[in-house]
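J.: structure-v3.txt is reproduced in full below (compact mmCIF, C-alpha atoms and all ligand atoms).
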# COMPACT_ATOMS: atom_id res chain seq x y z
CA MET A 1 55.78 33.18 -45.03
CA THR A 2 57.18 29.93 -46.38
CA SER A 3 56.27 26.37 -45.52
CA ASP A 4 59.46 25.69 -43.57
CA HIS A 5 58.88 28.56 -41.18
CA PRO A 6 59.05 27.40 -37.53
CA ALA A 7 55.89 29.34 -36.70
CA GLU A 8 53.97 26.85 -38.80
CA ALA A 9 54.70 23.74 -36.79
CA GLY A 10 51.19 23.21 -35.43
CA ASP A 11 50.97 23.83 -31.69
CA GLU A 12 54.60 24.91 -31.70
CA ARG A 13 53.43 28.20 -33.12
CA ARG A 14 52.86 29.78 -29.74
CA ARG A 15 56.27 28.69 -28.49
CA VAL A 16 58.39 30.24 -31.23
CA ASP A 17 61.27 32.22 -29.77
CA TRP A 18 60.80 35.34 -31.89
CA ASP A 19 63.81 37.06 -30.35
CA ALA A 20 65.93 34.17 -31.61
CA GLU A 21 64.19 34.17 -35.01
CA SER A 22 64.67 37.88 -35.47
CA ALA A 23 68.28 37.67 -36.71
CA THR A 24 67.32 35.63 -39.78
CA PHE A 25 63.66 36.63 -40.13
CA ASP A 26 64.31 38.99 -43.03
CA ASP A 27 66.06 36.28 -45.07
CA GLU A 28 62.69 35.04 -46.36
CA PRO A 29 61.70 36.98 -49.48
CA ASP A 30 58.27 38.00 -48.16
CA HIS A 31 59.71 38.99 -44.77
CA GLY A 32 62.70 41.16 -45.63
CA LEU A 33 61.29 42.38 -48.99
CA ARG A 34 64.88 42.74 -50.21
CA ASP A 35 64.13 41.68 -53.78
CA PRO A 36 62.79 44.77 -55.60
CA VAL A 37 60.13 42.69 -57.37
CA VAL A 38 58.79 41.28 -54.09
CA ARG A 39 59.04 44.67 -52.44
CA GLU A 40 57.09 46.40 -55.20
CA ALA A 41 54.45 43.65 -55.18
CA TRP A 42 53.78 44.34 -51.46
CA ALA A 43 53.99 48.11 -51.95
CA ALA A 44 51.35 47.92 -54.70
CA ARG A 45 49.05 45.78 -52.54
CA LEU A 46 49.45 48.16 -49.60
CA ARG A 47 48.58 51.14 -51.81
CA GLY A 48 45.30 49.35 -52.55
CA TRP A 49 44.59 48.46 -48.92
CA LEU A 50 45.57 51.67 -47.12
CA PRO A 51 43.84 55.05 -47.46
CA ARG A 52 45.24 57.42 -50.08
CA ALA A 53 45.68 60.26 -47.60
CA PRO A 54 48.44 60.05 -44.98
CA SER A 55 46.91 58.09 -42.10
CA ASP A 56 47.69 56.60 -38.71
CA VAL A 57 48.54 52.93 -39.15
CA LEU A 58 48.89 50.47 -36.27
CA ASP A 59 51.02 47.49 -37.37
CA LEU A 60 50.46 44.70 -34.83
CA GLY A 61 53.04 41.92 -34.54
CA CYS A 62 55.12 44.17 -36.76
CA GLY A 63 58.21 41.94 -36.68
CA THR A 64 61.23 43.69 -38.19
CA GLY A 65 58.98 46.42 -39.57
CA SER A 66 59.04 45.52 -43.27
CA LEU A 67 55.39 46.43 -43.89
CA SER A 68 55.71 49.39 -41.51
CA LEU A 69 58.48 50.74 -43.72
CA LEU A 70 56.40 50.40 -46.88
CA ALA A 71 53.52 52.21 -45.16
CA ALA A 72 55.88 54.98 -43.98
CA GLU A 73 57.24 55.30 -47.52
CA GLN A 74 53.62 55.85 -48.60
CA ARG A 75 53.49 58.81 -46.16
CA HIS A 76 51.54 57.08 -43.41
CA ARG A 77 52.42 57.53 -39.73
CA VAL A 78 53.14 54.14 -38.22
CA THR A 79 52.93 52.69 -34.74
CA GLY A 80 54.29 49.15 -34.54
CA VAL A 81 53.80 46.72 -31.66
CA ASP A 82 55.55 43.40 -31.17
CA LEU A 83 55.99 41.07 -28.22
CA SER A 84 59.65 40.46 -29.11
CA PRO A 85 62.02 43.20 -27.89
CA ARG A 86 64.59 42.13 -30.49
CA MET A 87 62.05 42.46 -33.33
CA VAL A 88 61.16 45.91 -32.03
CA GLU A 89 64.84 46.90 -31.99
CA LEU A 90 65.20 45.82 -35.62
CA ALA A 91 62.02 47.66 -36.61
CA ARG A 92 63.25 50.83 -34.91
CA ALA A 93 66.53 50.58 -36.82
CA LYS A 94 64.75 49.87 -40.12
CA LEU A 95 62.54 52.95 -39.75
CA ALA A 96 65.09 55.28 -38.13
CA GLY A 97 64.34 58.87 -39.10
CA ARG A 98 60.76 58.05 -40.20
CA ASP A 99 57.47 59.13 -38.64
CA ALA A 100 57.16 55.85 -36.76
CA ALA A 101 57.17 54.54 -33.20
CA PHE A 102 57.62 50.96 -32.02
CA LEU A 103 56.46 49.47 -28.74
CA VAL A 104 57.00 46.14 -27.06
CA GLY A 105 53.59 44.70 -26.23
CA ASP A 106 50.88 42.16 -26.91
CA ALA A 107 49.09 42.49 -30.25
CA ALA A 108 45.93 41.22 -28.57
CA ALA A 109 45.89 44.26 -26.24
CA PRO A 110 48.35 46.79 -27.66
CA PRO A 111 49.71 49.38 -25.22
CA VAL A 112 48.44 52.41 -27.15
CA GLY A 113 46.30 53.97 -24.43
CA GLU A 114 43.49 56.13 -25.80
CA GLN A 115 45.09 56.58 -29.23
CA ARG A 116 42.91 55.54 -32.16
CA PHE A 117 43.98 54.66 -35.72
CA ASP A 118 42.80 54.83 -39.30
CA VAL A 119 44.15 51.36 -40.02
CA VAL A 120 44.95 48.30 -37.97
CA LEU A 121 47.34 46.30 -40.16
CA VAL A 122 48.24 42.74 -39.16
CA ARG A 123 50.18 40.26 -41.26
CA HIS A 124 50.66 36.61 -40.27
CA VAL A 125 49.92 37.11 -36.58
CA LEU A 126 46.18 36.73 -35.89
CA TRP A 127 46.22 32.98 -36.57
CA THR A 128 48.65 32.50 -33.66
CA LEU A 129 46.59 34.43 -31.11
CA PRO A 130 44.22 32.66 -28.71
CA GLY A 131 40.61 33.87 -28.89
CA PRO A 132 40.64 35.53 -32.33
CA ALA A 133 36.99 36.66 -32.05
CA ARG A 134 37.74 38.60 -28.86
CA VAL A 135 40.94 40.00 -30.38
CA LEU A 136 39.06 41.21 -33.48
CA ARG A 137 36.53 43.01 -31.30
CA HIS A 138 39.38 44.72 -29.48
CA TRP A 139 41.04 45.76 -32.75
CA ARG A 140 37.77 47.16 -34.05
CA GLY A 141 37.66 49.35 -30.93
CA LEU A 142 41.10 50.78 -31.80
CA LEU A 143 39.79 52.29 -35.04
CA ARG A 144 38.59 55.83 -35.59
CA PRO A 145 35.22 56.20 -37.31
CA GLY A 146 35.79 55.28 -40.96
CA GLY A 147 38.87 53.24 -40.10
CA ARG A 148 39.64 49.79 -41.44
CA LEU A 149 41.21 46.47 -40.54
CA VAL A 150 43.75 45.07 -43.02
CA LEU A 151 44.47 41.45 -42.14
CA VAL A 152 46.89 39.36 -44.18
CA GLU A 153 46.59 35.69 -43.31
CA GLY A 154 46.62 32.23 -44.81
CA VAL A 155 46.70 28.49 -44.33
CA TRP A 156 50.25 27.30 -44.86
CA GLY A 157 51.59 23.94 -45.86
CA THR A 158 49.79 21.01 -47.41
CA VAL A 159 50.73 17.98 -45.25
CA SER A 160 49.82 19.51 -41.86
CA PRO A 161 48.27 22.84 -42.80
CA VAL A 162 48.08 25.54 -40.15
CA GLY A 163 46.63 29.02 -40.16
CA LEU A 164 43.29 30.75 -40.46
CA SER A 165 41.22 30.28 -43.61
CA ALA A 166 39.51 33.20 -45.32
CA ASP A 167 36.16 31.52 -44.74
CA ARG A 168 36.78 31.23 -40.99
CA LEU A 169 38.06 34.79 -40.68
CA THR A 170 35.16 36.11 -42.75
CA GLY A 171 32.77 34.30 -40.41
CA LEU A 172 34.43 35.84 -37.36
CA LEU A 173 34.40 39.34 -38.81
CA ALA A 174 31.04 39.46 -40.55
CA PRO A 175 29.07 40.29 -37.37
CA LEU A 176 31.53 43.08 -36.52
CA VAL A 177 31.80 45.00 -39.78
CA ARG A 178 29.75 46.72 -42.44
CA GLU A 179 32.04 46.12 -45.43
CA LEU A 180 34.37 43.23 -45.99
CA ARG A 181 36.55 42.32 -48.98
CA VAL A 182 38.82 39.33 -49.45
CA ASP A 183 41.75 39.63 -51.88
CA ARG A 184 43.16 36.25 -52.83
CA LEU A 185 46.97 36.33 -52.88
CA SER A 186 48.01 32.76 -53.71
CA ASP A 187 48.34 33.43 -57.44
CA ASP A 188 50.35 36.60 -56.95
CA SER A 189 53.76 34.84 -56.89
CA PRO A 190 55.83 38.08 -56.81
CA LEU A 191 54.50 38.59 -53.27
CA TRP A 192 56.12 35.37 -52.12
CA GLY A 193 59.16 35.25 -54.34
CA ARG A 194 57.97 31.89 -55.70
CA GLU A 195 54.88 29.96 -56.76
CA VAL A 196 52.69 28.87 -53.84
CA ASP A 197 49.74 26.50 -53.79
CA ASP A 198 48.33 27.04 -50.32
CA GLU A 199 45.74 29.61 -49.26
CA ARG A 200 46.94 33.20 -48.86
CA TYR A 201 44.73 36.24 -48.72
CA ALA A 202 44.15 39.70 -47.34
CA LEU A 203 40.91 40.83 -45.80
CA VAL A 204 39.97 44.50 -45.69
CA ALA A 205 37.10 45.24 -43.33
CA VAL A 206 35.33 48.47 -42.41
CA PRO A 207 33.16 48.47 -39.27
C1 LIG B 1 55.38 35.70 -38.71
S1 LIG B 1 55.97 37.14 -37.87
C2 LIG B 1 55.18 38.43 -38.81
C3 LIG B 1 55.89 39.76 -38.69
C4 LIG B 1 55.29 40.89 -39.52
N1 LIG B 1 53.89 41.07 -39.25
C5 LIG B 1 55.49 40.60 -40.99
O1 LIG B 1 54.53 40.27 -41.65
O2 LIG B 1 56.65 40.74 -41.48
C6 LIG B 1 55.07 37.12 -36.37
C7 LIG B 1 55.43 38.28 -35.46
O3 LIG B 1 54.42 38.40 -34.47
C8 LIG B 1 55.04 38.62 -33.22
N2 LIG B 1 54.10 38.14 -32.22
C9 LIG B 1 53.72 36.86 -31.95
N3 LIG B 1 52.78 36.85 -30.98
C10 LIG B 1 52.59 38.15 -30.63
C11 LIG B 1 51.75 38.79 -29.69
N4 LIG B 1 50.89 38.10 -28.92
N5 LIG B 1 51.80 40.12 -29.61
C12 LIG B 1 52.66 40.85 -30.37
N6 LIG B 1 53.48 40.29 -31.28
C13 LIG B 1 53.44 38.95 -31.41
C14 LIG B 1 56.35 37.88 -33.28
O4 LIG B 1 57.26 38.39 -32.33
C15 LIG B 1 56.75 38.14 -34.72
O5 LIG B 1 57.48 39.33 -34.83
Could you write out this structure as structure tokens?

T.:
Amino acid sequence: MTSDHPAEAGDERRRVDWDAESATFDDEPDHGLRDPVVREAWAARLRGWLPRAPSDVLDLGCGTGSLSLLAAEQRHRVTGVDLSPRMVELARAKLAGRDAAFLVGDAAAPPVGEQRFDVVLVRHVLWTLPGPARVLRHWRGLLRPGGRLVLVEGVWGTVSPVGLSADRLTGLLAPLVRELRVDRLSDDSPLWGREVDDERYALVAVP
């Protein structure tokens, strides 16, 4: 996510028209992962965050499905959920022929019925959701025993920073989980396609 992204404009974040954004969403290096260097940087991180064995991954706020595709390429079975029908269409097209399903729905209460997952993967979405503590409790309940949350978040921009800091997210999650690891991502410029100086991180948590 780059600092000029419309989702970063303070309170505007909940009013972004993601259907409208979908056409150009993948133009950002860390969104479309079109540059092989950026793509491999995310693939390598995902290999470290996801289980080695093929697993059921729930990608919430999946957007155009870029991370879903990397997970599918690593032999995981993916369910993606996004509120934007247009994003879901693009994700379906991106993963056509793969072991993946995409649903239109709210990440805070995904329409997955009784299905449970080995991984709940969420990149750049939690910070926009009202009531993150309640949402995290719900996501924990979507995991099978031994499952994990993989949350990629940050605080973007320097003039009017927005987002969710690792300290805040750690504080929200600590009472809910047994193991928690924060990987700092700001210095890993291949992930972003450029140098960044704001806070970016991934948090892997096991209840
Ligand atoms: C910044 S994009 C991130 C997309 C994807 N996770 C990625 O990292 O490439 C935010 C996405 O979250 C979706 N979104 C926003 N609020 C949502 C909600 N309450 N439930 C489901 N999806 C939501 C948007 O439609 C958009 O696709």

J.: Need the neighbours of (59.6, 47.5, -50.2): which residues are at most 12 Å away, counting only C-alpha atoms, as a ChimeraX atom specification?

T.: /A:29-47,65-74,94,191

J.: Would you tabulate, counting all atoms listed in the file, all residues of chain A that have an atom at most 7 Å from an atom of ligand LIG 1 (chain B), showing the closest pair of atoms and their distance in Å to one decimal, sorted by chain then ascending number, as CSV?

T.:
residue,atom,partner,partner_atom,distance
A:Met1,CA,B:LIG1,C1,6.8
A:Ala7,CA,B:LIG1,C1,6.7
A:Trp18,CA,B:LIG1,O4,4.7
A:Asp19,CA,B:LIG1,O4,7.0
A:His31,CA,B:LIG1,O2,4.8
A:Leu60,CA,B:LIG1,C12,6.3
A:Gly61,CA,B:LIG1,N6,3.7
A:Cys62,CA,B:LIG1,N1,4.2
A:Gly63,CA,B:LIG1,O5,3.3
A:Thr64,CA,B:LIG1,O2,6.4
A:Gly65,CA,B:LIG1,O2,6.4
A:Ser66,CA,B:LIG1,O2,5.6
A:Leu67,CA,B:LIG1,O2,6.3
A:Val81,CA,B:LIG1,C12,6.1
A:Asp82,CA,B:LIG1,N6,3.7
A:Leu83,CA,B:LIG1,C12,4.0
A:Ser84,CA,B:LIG1,O4,4.5
A:Met87,CA,B:LIG1,O5,5.7
A:Gly105,CA,B:LIG1,C12,5.7
A:Asp106,CA,B:LIG1,N5,3.5
A:Ala107,CA,B:LIG1,N5,3.7
A:Ala108,CA,B:LIG1,N4,5.9
A:Val122,CA,B:LIG1,N1,5.9
A:Arg123,CA,B:LIG1,N1,4.3
A:His124,CA,B:LIG1,C1,5.1
A:Val125,CA,B:LIG1,O3,5.1
A:Thr128,CA,B:LIG1,N3,6.6
A:Leu129,CA,B:LIG1,N4,6.1

J.: Do you know which residues are at most 7 Å from A:Ala202 counting only C-alpha atoms, after dropping those on the same chain fewer than 3 positions away, and could you put them as a PyMOL selection string?

T.: chain A and resi 150-153+182-184

J.: Please write the residues from the selection above to a file, keeping C-alpha atoms, as a PDB file, keeping the file's coordinate frame.

T.:
ATOM      1  CA  VAL A 150      43.750  45.070 -43.020  1.00  0.00           C
ATOM      2  CA  LEU A 151      44.470  41.450 -42.140  1.00  0.00           C
ATOM      3  CA  VAL A 152      46.890  39.360 -44.180  1.00  0.00           C
ATOM      4  CA  GLU A 153      46.590  35.690 -43.310  1.00  0.00           C
ATOM      5  CA  VAL A 182      38.820  39.330 -49.450  1.00  0.00           C
ATOM      6  CA  ASP A 183      41.750  39.630 -51.880  1.00  0.00           C
ATOM      7  CA  ARG A 184      43.160  36.250 -52.830  1.00  0.00           C
TER       8      ARG A 184
END

J.: Given all atoms listed in the file as the basis, pick out the residue of A:Val155, A:Val104, A:Leu136, A:Leu143 nearest to A:Leu172.

T.: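 Among A:Val155, A:Val104, A:Leu136, A:Leu143, it is A:Leu136 that comes nearest to A:Leu172.
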
J.: Report the distance between atom CA of A:His76 and atom CA of A:Ala166 in Å, rounded to one decimal place.

T.: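 Computing it gives 26.8 Å between the two atoms.
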
J.: Determine, counting all atoms listed in the file, which protein, DNA and RNA residues have an atom within 8 Å of an atom of A:His138; residues of the same chain fewer than 4 positions away are not included. Present the result as a list in words.

T.: Ala108, Ala109, Arg134 and Leu142 of chain A

J.: Find the residue from A:Pro51, A:Gly193, A:Pro110, A:Pro85 that sits nearest to A:Gly147; use all atoms listed in the file when measuring.

T.: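 Among A:Pro51, A:Gly193, A:Pro110, A:Pro85, it is A:Pro51 that comes nearest to A:Gly147.
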
J.: Record the distance separating atom CA of A:Ser189 and atom CA of A:Gly154, expressed in Å with one decimal.

T.: 14.3 Å

J.: Is it possible to get the residues within 12 Å of (32.1, 36.8, -39.9) (coordinates as in the file, counting all atoms listed in the file) written as a ChimeraX atom specification?

T.: /A:132-133,136-137,165-182,203,205,207

J.: Report, in Å with one decimal, the straight-line distance from atom CA of A:Arg194 to atom CA of A:Gly48.

T.: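 Distance reported for this atom pair: 21.8 Å.
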
J.: Given all atoms listed in the file as the basis, pick out the residue of A:Trp49, A:Thr79, A:Gly97, A:Pro130 nearest to A:Gln115.

T.: A:Thr79

J.: Please return the centre and edge lengths, in Å to one decimal, of a box with edges along x, y and z that contains all listed atoms of stretch 164-180 of chain A, widened by 3 Å on every side, as AutoDock Vina command-line options.

T.:
--center_x 36.2 --center_y 38.5 --center_z -41.3 --size_x 20.2 --size_y 22.4 --size_z 15.5
